[in-house]
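Heads up, protein00.pdb below (PDB, C-alpha atoms):
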```
ATOM      1  CA  MET X   1      18.904 -91.396 101.705
ATOM      2  CA  PHE X   2      16.205 -91.656  99.067
ATOM      3  CA  SER X   3      16.501 -95.459  98.834
ATOM      4  CA  PRO X   4      14.373 -97.380  96.295
ATOM      5  CA  SER X   5      11.899 -98.300  99.040
ATOM      6  CA  SER X   6      11.550 -94.737 100.306
ATOM      7  CA  ARG X   7      11.553 -92.822  97.035
ATOM      8  CA  PRO X   8       8.308 -90.967  96.268
ATOM      9  CA  SER X   9       6.160 -92.766  93.736
ATOM     10  CA  LEU X  10       5.143 -89.569  91.940
ATOM     11  CA  ALA X  11       7.708 -87.629  89.925
ATOM     12  CA  SER X  12       6.560 -84.310  91.364
ATOM     13  CA  ASP X  13       7.244 -85.616  94.899
ATOM     14  CA  ALA X  14      10.817 -86.584  94.052
ATOM     15  CA  PRO X  15      13.769 -84.498  95.271
ATOM     16  CA  ILE X  16      15.721 -81.979  93.241
ATOM     17  CA  GLY X  17      19.344 -83.091  92.962
ATOM     18  CA  ILE X  18      22.019 -80.444  93.423
ATOM     19  CA  PHE X  19      25.770 -80.922  93.275
ATOM     20  CA  ASP X  20      28.933 -78.889  93.645
ATOM     21  CA  SER X  21      32.642 -79.546  94.010
ATOM     22  CA  GLY X  22      32.223 -78.735  97.701
ATOM     23  CA  ILE X  23      29.841 -76.797  99.888
ATOM     24  CA  GLY X  24      29.759 -73.480  98.021
ATOM     25  CA  GLY X  25      26.742 -74.699  96.072
ATOM     26  CA  LEU X  26      24.762 -74.552  99.306
ATOM     27  CA  THR X  27      24.219 -70.861  98.469
ATOM     28  CA  VAL X  28      22.209 -72.079  95.470
ATOM     29  CA  ALA X  29      20.463 -74.749  97.538
ATOM     30  CA  HIS X  30      19.465 -72.127 100.111
ATOM     31  CA  ALA X  31      18.032 -69.841  97.424
ATOM     32  CA  MET X  32      16.072 -72.787  96.014
ATOM     33  CA  ALA X  33      14.712 -73.734  99.440
ATOM     34  CA  GLN X  34      13.492 -70.170  99.884
ATOM     35  CA  ALA X  35      12.005 -69.885  96.392
ATOM     36  CA  MET X  36      10.389 -73.350  96.467
ATOM     37  CA  PRO X  37       9.626 -74.189 100.114
ATOM     38  CA  GLY X  38       7.588 -77.260  99.170
ATOM     39  CA  GLU X  39      10.449 -78.976  97.329
ATOM     40  CA  SER X  40      12.782 -81.604  98.778
ATOM     41  CA  LEU X  41      16.488 -81.213  98.020
ATOM     42  CA  LEU X  42      19.205 -83.842  97.720
ATOM     43  CA  TYR X  43      22.535 -82.002  97.854
ATOM     44  CA  PHE X  44      25.901 -83.622  97.165
ATOM     45  CA  GLY X  45      29.185 -81.814  97.723
ATOM     46  CA  ASP X  46      32.253 -83.575  96.319
ATOM     47  CA  THR X  47      34.521 -82.340  99.093
ATOM     48  CA  ALA X  48      36.970 -85.214  98.573
ATOM     49  CA  HIS X  49      37.875 -83.846  95.131
ATOM     50  CA  MET X  50      37.531 -80.095  95.671
ATOM     51  CA  PRO X  51      38.290 -77.622  94.258
ATOM     52  CA  TYR X  52      37.127 -78.368  90.715
ATOM     53  CA  GLY X  53      38.537 -74.991  89.684
ATOM     54  CA  ASP X  54      42.038 -76.474  89.848
ATOM     55  CA  ARG X  55      41.154 -79.693  87.985
ATOM     56  CA  SER X  56      41.328 -80.415  84.281
ATOM     57  CA  PRO X  57      38.065 -80.165  82.292
ATOM     58  CA  GLU X  58      38.295 -83.890  81.551
ATOM     59  CA  LEU X  59      38.491 -84.813  85.233
ATOM     60  CA  VAL X  60      35.670 -82.425  86.143
ATOM     61  CA  ARG X  61      33.494 -84.111  83.507
ATOM     62  CA  THR X  62      34.373 -87.539  84.907
ATOM     63  CA  TYR X  63      33.372 -86.535  88.430
ATOM     64  CA  SER X  64      30.222 -84.720  87.250
ATOM     65  CA  VAL X  65      28.985 -87.647  85.157
ATOM     66  CA  ARG X  66      29.370 -90.046  88.081
ATOM     67  CA  ILE X  67      27.496 -87.672  90.383
ATOM     68  CA  ALA X  68      24.730 -87.186  87.812
ATOM     69  CA  GLN X  69      24.363 -90.949  87.509
ATOM     70  CA  TYR X  70      24.018 -91.176  91.280
ATOM     71  CA  LEU X  71      21.386 -88.426  91.450
ATOM     72  CA  ARG X  72      19.409 -90.090  88.676
ATOM     73  CA  GLU X  73      19.594 -93.443  90.480
ATOM     74  CA  GLU X  74      18.322 -91.728  93.620
ATOM     75  CA  GLY X  75      15.189 -90.710  91.730
ATOM     76  CA  CYS X  76      15.831 -86.977  91.439
ATOM     77  CA  LYS X  77      13.356 -85.207  89.154
ATOM     78  CA  ALA X  78      15.837 -82.463  88.195
ATOM     79  CA  ILE X  79      19.592 -81.904  88.468
ATOM     80  CA  VAL X  80      21.193 -78.564  89.252
ATOM     81  CA  ILE X  81      24.926 -78.141  88.633
ATOM     82  CA  ALA X  82      25.632 -75.673  91.448
ATOM     83  CA  CYS X  83      29.268 -75.186  90.446
ATOM     84  CA  ASN X  84      30.563 -72.765  87.833
ATOM     85  CA  SER X  85      33.578 -74.939  86.952
ATOM     86  CA  ALA X  86      31.390 -78.014  86.428
ATOM     87  CA  SER X  87      28.847 -75.907  84.534
ATOM     88  CA  ALA X  88      31.612 -74.817  82.168
ATOM     89  CA  ALA X  89      33.130 -78.269  81.669
ATOM     90  CA  ALA X  90      30.360 -80.798  82.070
ATOM     91  CA  THR X  91      26.826 -79.509  81.393
ATOM     92  CA  ASP X  92      26.432 -81.345  78.079
ATOM     93  CA  ALA X  93      27.809 -84.573  79.583
ATOM     94  CA  VAL X  94      25.446 -84.324  82.563
ATOM     95  CA  ARG X  95      22.482 -83.749  80.260
ATOM     96  CA  GLU X  96      23.392 -86.861  78.293
ATOM     97  CA  VAL X  97      23.472 -88.937  81.477
ATOM     98  CA  ALA X  98      20.263 -87.411  82.849
ATOM     99  CA  GLY X  99      18.285 -88.093  79.687
ATOM    100  CA  GLU X 100      15.383 -86.164  78.245
ATOM    101  CA  ASP X 101      13.062 -86.835  81.188
ATOM    102  CA  ILE X 102      15.222 -85.049  83.784
ATOM    103  CA  PRO X 103      15.815 -81.309  83.299
ATOM    104  CA  VAL X 104      19.380 -80.154  83.976
ATOM    105  CA  MET X 105      20.161 -76.588  84.999
ATOM    106  CA  ASP X 106      23.605 -75.066  85.371
ATOM    107  CA  VAL X 107      24.512 -71.831  87.146
ATOM    108  CA  VAL X 108      25.739 -69.999  84.042
ATOM    109  CA  GLN X 109      22.915 -69.978  81.493
ATOM    110  CA  PRO X 110      20.200 -68.509  83.770
ATOM    111  CA  VAL X 111      22.510 -65.603  84.636
ATOM    112  CA  VAL X 112      23.398 -65.100  80.979
ATOM    113  CA  GLU X 113      19.732 -65.017  79.961
ATOM    114  CA  TYR X 114      18.994 -62.559  82.781
ATOM    115  CA  LEU X 115      21.721 -60.173  81.580
ATOM    116  CA  ALA X 116      20.717 -60.464  77.926
ATOM    117  CA  GLU X 117      17.029 -59.948  78.691
ATOM    118  CA  ARG X 118      17.760 -56.817  80.710
ATOM    119  CA  GLY X 119      20.138 -55.472  78.073
ATOM    120  CA  VAL X 120      23.045 -54.978  80.482
ATOM    121  CA  ALA X 121      25.833 -53.605  78.313
ATOM    122  CA  ARG X 122      29.149 -53.768  80.180
ATOM    123  CA  VAL X 123      29.548 -56.963  82.166
ATOM    124  CA  GLY X 124      32.464 -58.106  84.289
ATOM    125  CA  VAL X 125      32.801 -61.691  85.494
ATOM    126  CA  ILE X 126      35.057 -63.048  88.225
ATOM    127  CA  GLY X 127      35.615 -66.703  89.104
ATOM    128  CA  THR X 128      38.074 -69.556  89.341
ATOM    129  CA  ARG X 129      40.785 -70.077  86.743
ATOM    130  CA  ALA X 130      38.798 -72.997  85.308
ATOM    131  CA  THR X 131      35.605 -70.969  84.888
ATOM    132  CA  VAL X 132      37.323 -67.884  83.490
ATOM    133  CA  GLY X 133      39.658 -69.957  81.332
ATOM    134  CA  SER X 134      36.699 -71.668  79.695
ATOM    135  CA  GLY X 135      35.304 -68.304  78.545
ATOM    136  CA  ILE X 136      31.814 -69.682  79.113
ATOM    137  CA  TYR X 137      30.232 -66.458  80.323
ATOM    138  CA  GLY X 138      31.561 -64.290  77.517
ATOM    139  CA  ARG X 139      30.737 -66.870  74.850
ATOM    140  CA  SER X 140      27.268 -67.636  76.183
ATOM    141  CA  LEU X 141      26.378 -63.983  76.709
ATOM    142  CA  ALA X 142      27.516 -63.105  73.180
ATOM    143  CA  GLU X 143      25.268 -65.853  71.810
ATOM    144  CA  ALA X 144      22.298 -64.743  73.917
ATOM    145  CA  ARG X 145      22.779 -61.122  72.891
ATOM    146  CA  ALA X 146      23.086 -62.068  69.233
ATOM    147  CA  ARG X 147      19.709 -63.779  69.379
ATOM    148  CA  ARG X 148      18.172 -60.610  70.795
ATOM    149  CA  GLU X 149      20.235 -57.784  69.304
ATOM    150  CA  GLY X 150      21.764 -59.106  66.101
ATOM    151  CA  ASP X 151      25.007 -57.425  65.020
ATOM    152  CA  ALA X 152      24.748 -54.804  67.771
ATOM    153  CA  ALA X 153      25.623 -57.483  70.342
ATOM    154  CA  SER X 154      29.330 -57.298  69.446
ATOM    155  CA  LEU X 155      29.529 -53.725  70.751
ATOM    156  CA  HIS X 156      29.606 -54.952  74.351
ATOM    157  CA  PRO X 157      32.250 -57.636  74.967
ATOM    158  CA  THR X 158      32.217 -59.355  78.348
ATOM    159  CA  VAL X 159      35.399 -59.169  80.430
ATOM    160  CA  GLU X 160      36.241 -62.207  82.585
ATOM    161  CA  TRP X 161      38.889 -62.094  85.317
ATOM    162  CA  PRO X 162      40.294 -64.906  87.490
ATOM    163  CA  THR X 163      40.171 -64.413  91.265
ATOM    164  CA  PRO X 164      41.635 -67.669  92.627
ATOM    165  CA  LEU X 165      42.291 -66.499  96.200
ATOM    166  CA  LEU X 166      38.694 -65.641  97.025
ATOM    167  CA  ALA X 167      37.124 -69.110  97.273
ATOM    168  CA  PRO X 168      39.761 -70.461  99.706
ATOM    169  CA  LEU X 169      39.414 -67.367 101.908
ATOM    170  CA  ILE X 170      35.628 -67.712 101.977
ATOM    171  CA  GLU X 171      35.910 -71.457 102.585
ATOM    172  CA  GLU X 172      37.930 -70.602 105.701
ATOM    173  CA  GLY X 173      35.138 -68.354 106.948
ATOM    174  CA  TRP X 174      36.883 -65.115 106.019
ATOM    175  CA  HIS X 175      33.992 -63.775 103.913
ATOM    176  CA  ASP X 176      33.650 -60.798 106.253
ATOM    177  CA  HIS X 177      37.293 -60.614 107.366
ATOM    178  CA  ALA X 178      39.076 -57.271 107.047
ATOM    179  CA  LEU X 179      41.429 -58.875 104.519
ATOM    180  CA  MET X 180      38.650 -59.549 102.005
ATOM    181  CA  GLU X 181      38.081 -55.934 100.989
ATOM    182  CA  PRO X 182      41.671 -55.172  99.911
ATOM    183  CA  VAL X 183      41.947 -58.529  98.125
ATOM    184  CA  ILE X 184      38.733 -57.934  96.187
ATOM    185  CA  ALA X 185      39.712 -54.336  95.445
ATOM    186  CA  SER X 186      43.108 -55.467  94.170
ATOM    187  CA  TYR X 187      41.559 -57.991  91.805
ATOM    188  CA  LEU X 188      38.978 -55.551  90.456
ATOM    189  CA  THR X 189      41.606 -52.846  90.018
ATOM    190  CA  ALA X 190      43.817 -55.271  88.078
ATOM    191  CA  ALA X 191      40.788 -56.098  85.915
ATOM    192  CA  GLY X 192      40.414 -52.383  85.112
ATOM    193  CA  TRP X 193      37.126 -51.877  86.947
ATOM    194  CA  LEU X 194      38.313 -49.737  89.883
ATOM    195  CA  GLY X 195      40.658 -46.790  90.253
ATOM    196  CA  ASP X 196      41.083 -45.194  86.835
ATOM    197  CA  GLY X 197      38.652 -47.792  85.518
ATOM    198  CA  MET X 198      35.861 -46.923  87.940
ATOM    199  CA  GLY X 199      32.582 -47.063  86.049
ATOM    200  CA  ALA X 200      33.956 -49.445  83.399
ATOM    201  CA  ILE X 201      31.270 -52.067  84.059
ATOM    202  CA  ASP X 202      27.534 -51.910  84.690
ATOM    203  CA  ALA X 203      27.208 -55.329  86.345
ATOM    204  CA  LEU X 204      29.527 -57.723  88.147
ATOM    205  CA  VAL X 205      28.829 -61.462  87.936
ATOM    206  CA  LEU X 206      30.102 -63.461  90.894
ATOM    207  CA  GLY X 207      31.060 -66.527  88.884
ATOM    208  CA  CYS X 208      31.651 -68.807  91.854
ATOM    209  CA  THR X 209      29.000 -70.048  94.261
ATOM    210  CA  HIS X 210      31.256 -69.144  97.210
ATOM    211  CA  TYR X 211      31.265 -65.445  96.412
ATOM    212  CA  PRO X 212      27.693 -64.503  97.438
ATOM    213  CA  LEU X 213      28.729 -64.997 101.069
ATOM    214  CA  ALA X 214      30.942 -61.926 100.663
ATOM    215  CA  ASP X 215      28.323 -59.859  98.825
ATOM    216  CA  GLU X 216      28.377 -57.075 101.420
ATOM    217  CA  VAL X 217      32.118 -56.627 100.893
ATOM    218  CA  PHE X 218      31.655 -56.667  97.125
ATOM    219  CA  ARG X 219      28.971 -53.996  97.394
ATOM    220  CA  ARG X 220      31.260 -51.761  99.421
ATOM    221  CA  VAL X 221      34.057 -52.183  96.886
ATOM    222  CA  VAL X 222      32.097 -51.677  93.641
ATOM    223  CA  GLY X 223      29.740 -49.018  94.948
ATOM    224  CA  PRO X 224      26.058 -48.389  94.217
ATOM    225  CA  HIS X 225      26.398 -47.869  90.468
ATOM    226  CA  VAL X 226      27.430 -51.448  89.642
ATOM    227  CA  GLU X 227      24.799 -54.187  89.825
ATOM    228  CA  LEU X 228      25.966 -57.185  91.815
ATOM    229  CA  VAL X 229      24.241 -60.054  90.033
ATOM    230  CA  ASP X 230      22.356 -62.427  92.377
ATOM    231  CA  GLY X 231      23.333 -65.718  90.763
ATOM    232  CA  PRO X 232      21.734 -68.130  93.286
ATOM    233  CA  GLY X 233      18.429 -66.240  93.228
ATOM    234  CA  ILE X 234      18.372 -66.184  89.421
ATOM    235  CA  VAL X 235      19.160 -69.904  89.221
ATOM    236  CA  ALA X 236      16.429 -70.726  91.763
ATOM    237  CA  LYS X 237      13.841 -68.885  89.675
ATOM    238  CA  ALA X 238      15.019 -70.694  86.527
ATOM    239  CA  VAL X 239      14.708 -74.096  88.222
ATOM    240  CA  SER X 240      11.214 -73.217  89.439
ATOM    241  CA  LYS X 241      10.203 -72.216  85.926
ATOM    242  CA  ALA X 242      11.632 -75.417  84.437
ATOM    243  CA  LEU X 243       9.705 -77.560  86.916
ATOM    244  CA  ASP X 244       6.503 -75.605  86.293
ATOM    245  CA  SER X 245       6.811 -76.146  82.551
ATOM    246  CA  ARG X 246       6.954 -79.915  83.102
ATOM    247  CA  GLY X 247       4.262 -80.041  85.766
ATOM    248  CA  LEU X 248       6.778 -81.145  88.388
ATOM    249  CA  ARG X 249       6.470 -78.359  90.953
ATOM    250  CA  ARG X 250       5.379 -79.159  94.498
ATOM    251  CA  SER X 251       4.071 -76.375  96.715
ATOM    252  CA  ASP X 252       1.960 -78.132  99.335
ATOM    253  CA  SER X 253       4.254 -80.830 100.683
ATOM    254  CA  LEU X 254       6.577 -80.999 103.689
ATOM    255  CA  PRO X 255      10.126 -80.901 102.250
ATOM    256  CA  ARG X 256      12.710 -83.507 103.206
ATOM    257  CA  HIS X 257      16.246 -82.301 102.582
ATOM    258  CA  GLN X 258      19.466 -84.334 102.571
ATOM    259  CA  PHE X 259      22.983 -82.901 102.493
ATOM    260  CA  LEU X 260      25.763 -85.323 101.589
ATOM    261  CA  VAL X 261      29.511 -84.870 101.098
ATOM    262  CA  SER X 262      32.171 -87.250  99.865
ATOM    263  CA  ASP X 263      34.525 -86.294 102.715
ATOM    264  CA  LEU X 264      33.240 -85.003 106.054
ATOM    265  CA  THR X 265      35.266 -82.870 108.467
ATOM    266  CA  GLU X 266      34.351 -80.586 111.337
ATOM    267  CA  ASN X 267      35.434 -77.635 109.195
ATOM    268  CA  PHE X 268      32.968 -78.638 106.459
ATOM    269  CA  LYS X 269      30.192 -78.918 109.061
ATOM    270  CA  ARG X 270      30.871 -75.406 110.336
ATOM    271  CA  SER X 271      31.233 -73.966 106.849
ATOM    272  CA  ALA X 272      28.035 -75.626 105.608
ATOM    273  CA  GLU X 273      25.990 -73.638 108.113
ATOM    274  CA  ARG X 274      27.448 -70.393 106.750
ATOM    275  CA  PHE X 275      26.750 -71.330 103.149
ATOM    276  CA  PHE X 276      23.186 -72.507 103.774
ATOM    277  CA  GLY X 277      22.375 -69.820 106.323
ATOM    278  CA  GLU X 278      21.254 -72.241 109.033
ATOM    279  CA  GLU X 279      22.271 -75.488 110.679
ATOM    280  CA  ILE X 280      21.954 -78.521 108.417
ATOM    281  CA  PRO X 281      22.509 -82.279 108.970
ATOM    282  CA  LEU X 282      25.610 -82.701 106.800
ATOM    283  CA  GLN X 283      26.619 -86.357 106.465
ATOM    284  CA  PRO X 284      28.961 -88.559 104.415
ATOM    285  CA  GLY X 285      27.463 -90.262 101.387
ATOM    286  CA  GLY X 286      27.053 -90.105  97.642
ATOM    287  CA  PRO X 287      28.390 -91.961  94.612
ATOM    288  CA  TRP X 288      31.830 -92.740  96.033
ATOM    289  CA  PHE X 289      30.132 -94.659  98.869
ATOM    290  CA  LYS X 290      28.262 -97.008  96.537
ATOM    291  CA  GLY X 291      31.237 -99.030  95.368
TER     292      GLY X 291
END
```
Could you show the structure in this file as structure tokens?
Amino acid sequence: MFSPSSRPSLASDAPIGIFDSGIGGLTVAHAMAQAMPGESLLYFGDTAHMPYGDRSPELVRTYSVRIAQYLREEGCKAIVIACNSASAAATDAVREVAGEDIPVMDVVQPVVEYLAERGVARVGVIGTRATVGSGIYGRSLAEARARREGDAASLHPTVEWPTPLLAPLIEEGWHDHALMEPVIASYLTAAGWLGDGMGAIDALVLGCTHYPLADEVFRRVVGPHVELVDGPGIVAKAVSKALDSRGLRRSDSLPRHQFLVSDLTENFKRSAERFFGEEIPLQPGGPWFKG
């Protein structure tokens, strides 16, 4: 733990705080560790309250604010909301808690800016019911396009489609199971992007941090003509840029990572290795342990 006595004295040496409703956000943490190998990470997965995708926006905000307070108290120099549902419901609330001195990044806006900058016309988004129900991708992409394209932005509406079965299957380690391909194909067909709708979208946004683990299956289903958007990689680059702009990047230090969850089980330990891509010392901890 980054206790008061062990916290780095310089802001640039402090850890980057990352949180998710569970362990899916470890895909983002892994991308950040690869993009910024000199940075220390403090990851918190709220496994006791997962999944946020089935919670009300008000409850997600309550959980997210408490976690943000904890990460700030732990001396984190930046906070990354590595959860699409929390990004949709709680980004403004987290920013208020973090204050002006701590940059807050979600997993939606960097992807939106990437799509708008590249001028991708027909975008499909899949995610939890909470993320899709919020309409955050379509709304944010329309705003980003309007800033760049003016009235022409309305010619390309974003289609968002809920895929609630995918995260539980991936959580169970079925990301490469034979069942995944027909389930994904069924969802994308229902959305109008496969079958008679083949070629209806130019890019597919995986609007849940679990989904990148099944990217090979997604690529087989959508084919080579649809861009599968690399959300974790895009977010990692955005975080790096934000730290650079504030003079907070570290590139020459030995990183010290911590991975905490609010409820620890053997299944979470096994799953965490899949999400992060290597063995990690997952341990119980976080705001619910502080009384």
Might you spell out which residues the PyMOL selection byres ((chain X and resi 249) around 9) would select in the displayed file, as an mmCIF file with C-alpha atoms, in the frame of the given file?
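Output file expr_31.cif is given in full below:
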```cif
data_model
loop_
_atom_site.group_PDB
_atom_site.id
_atom_site.type_symbol
_atom_site.label_atom_id
_atom_site.label_comp_id
_atom_site.auth_asym_id
_atom_site.auth_seq_id
_atom_site.Cartn_x
_atom_site.Cartn_y
_atom_site.Cartn_z
ATOM 1 C CA SER X 12 6.560 -84.310 91.364
ATOM 2 C CA ASP X 13 7.244 -85.616 94.899
ATOM 3 C CA MET X 36 10.389 -73.350 96.467
ATOM 4 C CA GLY X 38 7.588 -77.260 99.170
ATOM 5 C CA GLU X 39 10.449 -78.976 97.329
ATOM 6 C CA SER X 240 11.214 -73.217 89.439
ATOM 7 C CA LYS X 241 10.203 -72.216 85.926
ATOM 8 C CA ALA X 242 11.632 -75.417 84.437
ATOM 9 C CA LEU X 243 9.705 -77.560 86.916
ATOM 10 C CA ASP X 244 6.503 -75.605 86.293
ATOM 11 C CA SER X 245 6.811 -76.146 82.551
ATOM 12 C CA ARG X 246 6.954 -79.915 83.102
ATOM 13 C CA GLY X 247 4.262 -80.041 85.766
ATOM 14 C CA LEU X 248 6.778 -81.145 88.388
ATOM 15 C CA ARG X 250 5.379 -79.159 94.498
ATOM 16 C CA SER X 251 4.071 -76.375 96.715
#
```
- [ ] Please write as a count of residues only the full residue list that the PyMOL selection byres ((chain X and resi 276-291) around 9) yields on this file.
- [x] 34
Open item on the list: Once the PyMOL selection byres ((chain X and resi 170) around 12) is applied to the coordinates I shared, what remains selected? I want it as number ranges by chain.
Closed with: X: 23-24, 164-169, 171-177, 179-180, 183-184, 208-215, 217, 271-272, 274-275
Task: Minimum-distance residue to Val112 in chain X, chosen among X:Val239, X:Leu141, X:Ala98, X:Leu204 (using only C-alpha atoms) - done: X:Leu141
- [ ] Give as an MDAnalysis selection string every residue, naming chains and numbers as the document does, that has an atom within 12 Å of (14.7, -64.8, 93.3), counting only C-alpha atoms.
- [x] chainID X and resid 28 30:36 110:111 114 229:241
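Considering the residues X:Ala190, X:Ala116, X:Ile16, X:Val65 and counting all atoms listed in the file, Ile102 in chain X has its shortest atom-to-atom contact with X:Ile16.
Of the listed residues (X:Glu96, X:Glu143, X:Glu160, X:Glu216), X:Glu160 comes nearest to Ala191 in chain X; the distances count only C-alpha atoms.
Here CA of Gly124 in chain X stands at a distance of 8.8 Å from CA of Leu206 in chain X.
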- [ ] Would you mind reading off the distance between CA of Tyr137 in chain X and CA of Trp161 in chain X, one decimal, in Å?
- [x] 10.9 Å
TODO: Would you please work out which residue, of X:Val107, X:Ala48, X:Val120, X:Ile18, is nearest to Arg72 in chain X when using only C-alpha atoms?
DONE: X:Ile18
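Using all atoms listed in the file, the smallest distance between any of X:Ile79, X:Ala89, X:Leu41, X:Val123 and Thr62 in chain X comes from X:Ala89.
Across the model, the gap from CA of Gly22 in chain X to CA of Val226 in chain X is 28.9 Å.
Here the question is which of X:Ala68, X:Leu59, X:Ala86, X:Ala144 gets nearest to Gly99 in chain X using all atoms listed in the file, and that residue is X:Ala68.
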- [ ] Could you give me, as a ChimeraX atom specification, the residues within 10 Å of Ile201 in chain X, counting all atoms listed in the file and dropping anything in the same chain fewer than 3 positions from it?
- [x] /X:120-125,158-159,192-194,197-198,204,222,225-227
Open item on the list: Around the point (36.5, -70.1, 80.4) (coordinates from the file), which residues reach within 10 Å if we count only C-alpha atoms? Answer as a PyMOL selection string.
Closed with: chain X and resi 84-85+88-89+127-139+160-162
Could you write range 71-120 of chain X of the block just shown to a file containing C-alpha atoms, as a PDB file, in the first residue's frame?
```pdb
ATOM      1  CA  LEU X  71      -7.060   6.949  -4.689  1.00  0.00           C
ATOM      2  CA  ARG X  72      -6.563  10.633  -3.944  1.00  0.00           C
ATOM      3  CA  GLU X  73      -5.796   9.848  -0.294  1.00  0.00           C
ATOM      4  CA  GLU X  74      -3.251   7.286  -1.469  1.00  0.00           C
ATOM      5  CA  GLY X  75      -1.391  10.049  -3.294  1.00  0.00           C
ATOM      6  CA  CYS X  76      -2.194   9.070  -6.875  1.00  0.00           C
ATOM      7  CA  LYS X  77      -1.120  11.689  -9.419  1.00  0.00           C
ATOM      8  CA  ALA X  78      -3.834  10.713 -11.926  1.00  0.00           C
ATOM      9  CA  ILE X  79      -7.041   8.663 -11.880  1.00  0.00           C
ATOM     10  CA  VAL X  80      -8.179   6.432 -14.720  1.00  0.00           C
ATOM     11  CA  ILE X  81     -11.779   5.192 -14.735  1.00  0.00           C
ATOM     12  CA  ALA X  82     -11.156   1.837 -16.428  1.00  0.00           C
ATOM     13  CA  CYS X  83     -14.850   0.954 -16.598  1.00  0.00           C
ATOM     14  CA  ASN X  84     -17.279   2.009 -19.309  1.00  0.00           C
ATOM     15  CA  SER X  85     -20.297   1.969 -16.969  1.00  0.00           C
ATOM     16  CA  ALA X  86     -18.526   4.172 -14.413  1.00  0.00           C
ATOM     17  CA  SER X  87     -17.218   6.400 -17.209  1.00  0.00           C
ATOM     18  CA  ALA X  88     -20.796   6.924 -18.374  1.00  0.00           C
ATOM     19  CA  ALA X  89     -22.279   7.547 -14.927  1.00  0.00           C
ATOM     20  CA  ALA X  90     -19.575   9.077 -12.786  1.00  0.00           C
ATOM     21  CA  THR X  91     -16.802  10.909 -14.673  1.00  0.00           C
ATOM     22  CA  ASP X  92     -17.951  14.393 -13.653  1.00  0.00           C
ATOM     23  CA  ALA X  93     -18.380  13.303 -10.019  1.00  0.00           C
ATOM     24  CA  VAL X  94     -14.907  11.735  -9.963  1.00  0.00           C
ATOM     25  CA  ARG X  95     -13.377  14.889 -11.424  1.00  0.00           C
ATOM     26  CA  GLU X  96     -15.017  16.958  -8.701  1.00  0.00           C
ATOM     27  CA  VAL X  97     -13.547  14.712  -6.009  1.00  0.00           C
ATOM     28  CA  ALA X  98     -10.110  14.580  -7.647  1.00  0.00           C
ATOM     29  CA  GLY X  99      -9.819  18.349  -7.934  1.00  0.00           C
ATOM     30  CA  GLU X 100      -7.979  20.395 -10.513  1.00  0.00           C
ATOM     31  CA  ASP X 101      -4.535  19.072  -9.569  1.00  0.00           C
ATOM     32  CA  ILE X 102      -5.280  15.428 -10.444  1.00  0.00           C
ATOM     33  CA  PRO X 103      -6.132  14.636 -14.080  1.00  0.00           C
ATOM     34  CA  VAL X 104      -8.997  12.173 -14.552  1.00  0.00           C
ATOM     35  CA  MET X 105      -9.305  10.046 -17.675  1.00  0.00           C
ATOM     36  CA  ASP X 106     -12.216   7.806 -18.584  1.00  0.00           C
ATOM     37  CA  VAL X 107     -12.276   5.061 -21.210  1.00  0.00           C
ATOM     38  CA  VAL X 108     -14.858   6.716 -23.465  1.00  0.00           C
ATOM     39  CA  GLN X 109     -13.552  10.160 -24.421  1.00  0.00           C
ATOM     40  CA  PRO X 110     -10.129   9.044 -25.743  1.00  0.00           C
ATOM     41  CA  VAL X 111     -11.845   6.537 -28.047  1.00  0.00           C
ATOM     42  CA  VAL X 112     -14.350   9.154 -29.180  1.00  0.00           C
ATOM     43  CA  GLU X 113     -11.587  11.642 -29.993  1.00  0.00           C
ATOM     44  CA  TYR X 114      -9.684   8.928 -31.878  1.00  0.00           C
ATOM     45  CA  LEU X 115     -12.719   8.141 -34.055  1.00  0.00           C
ATOM     46  CA  ALA X 116     -13.529  11.800 -34.687  1.00  0.00           C
ATOM     47  CA  GLU X 117      -9.926  12.657 -35.544  1.00  0.00           C
ATOM     48  CA  ARG X 118      -9.713   9.807 -38.043  1.00  0.00           C
ATOM     49  CA  GLY X 119     -13.082  10.672 -39.566  1.00  0.00           C
ATOM     50  CA  VAL X 120     -14.540   7.182 -39.125  1.00  0.00           C
TER      51      VAL X 120
END
```
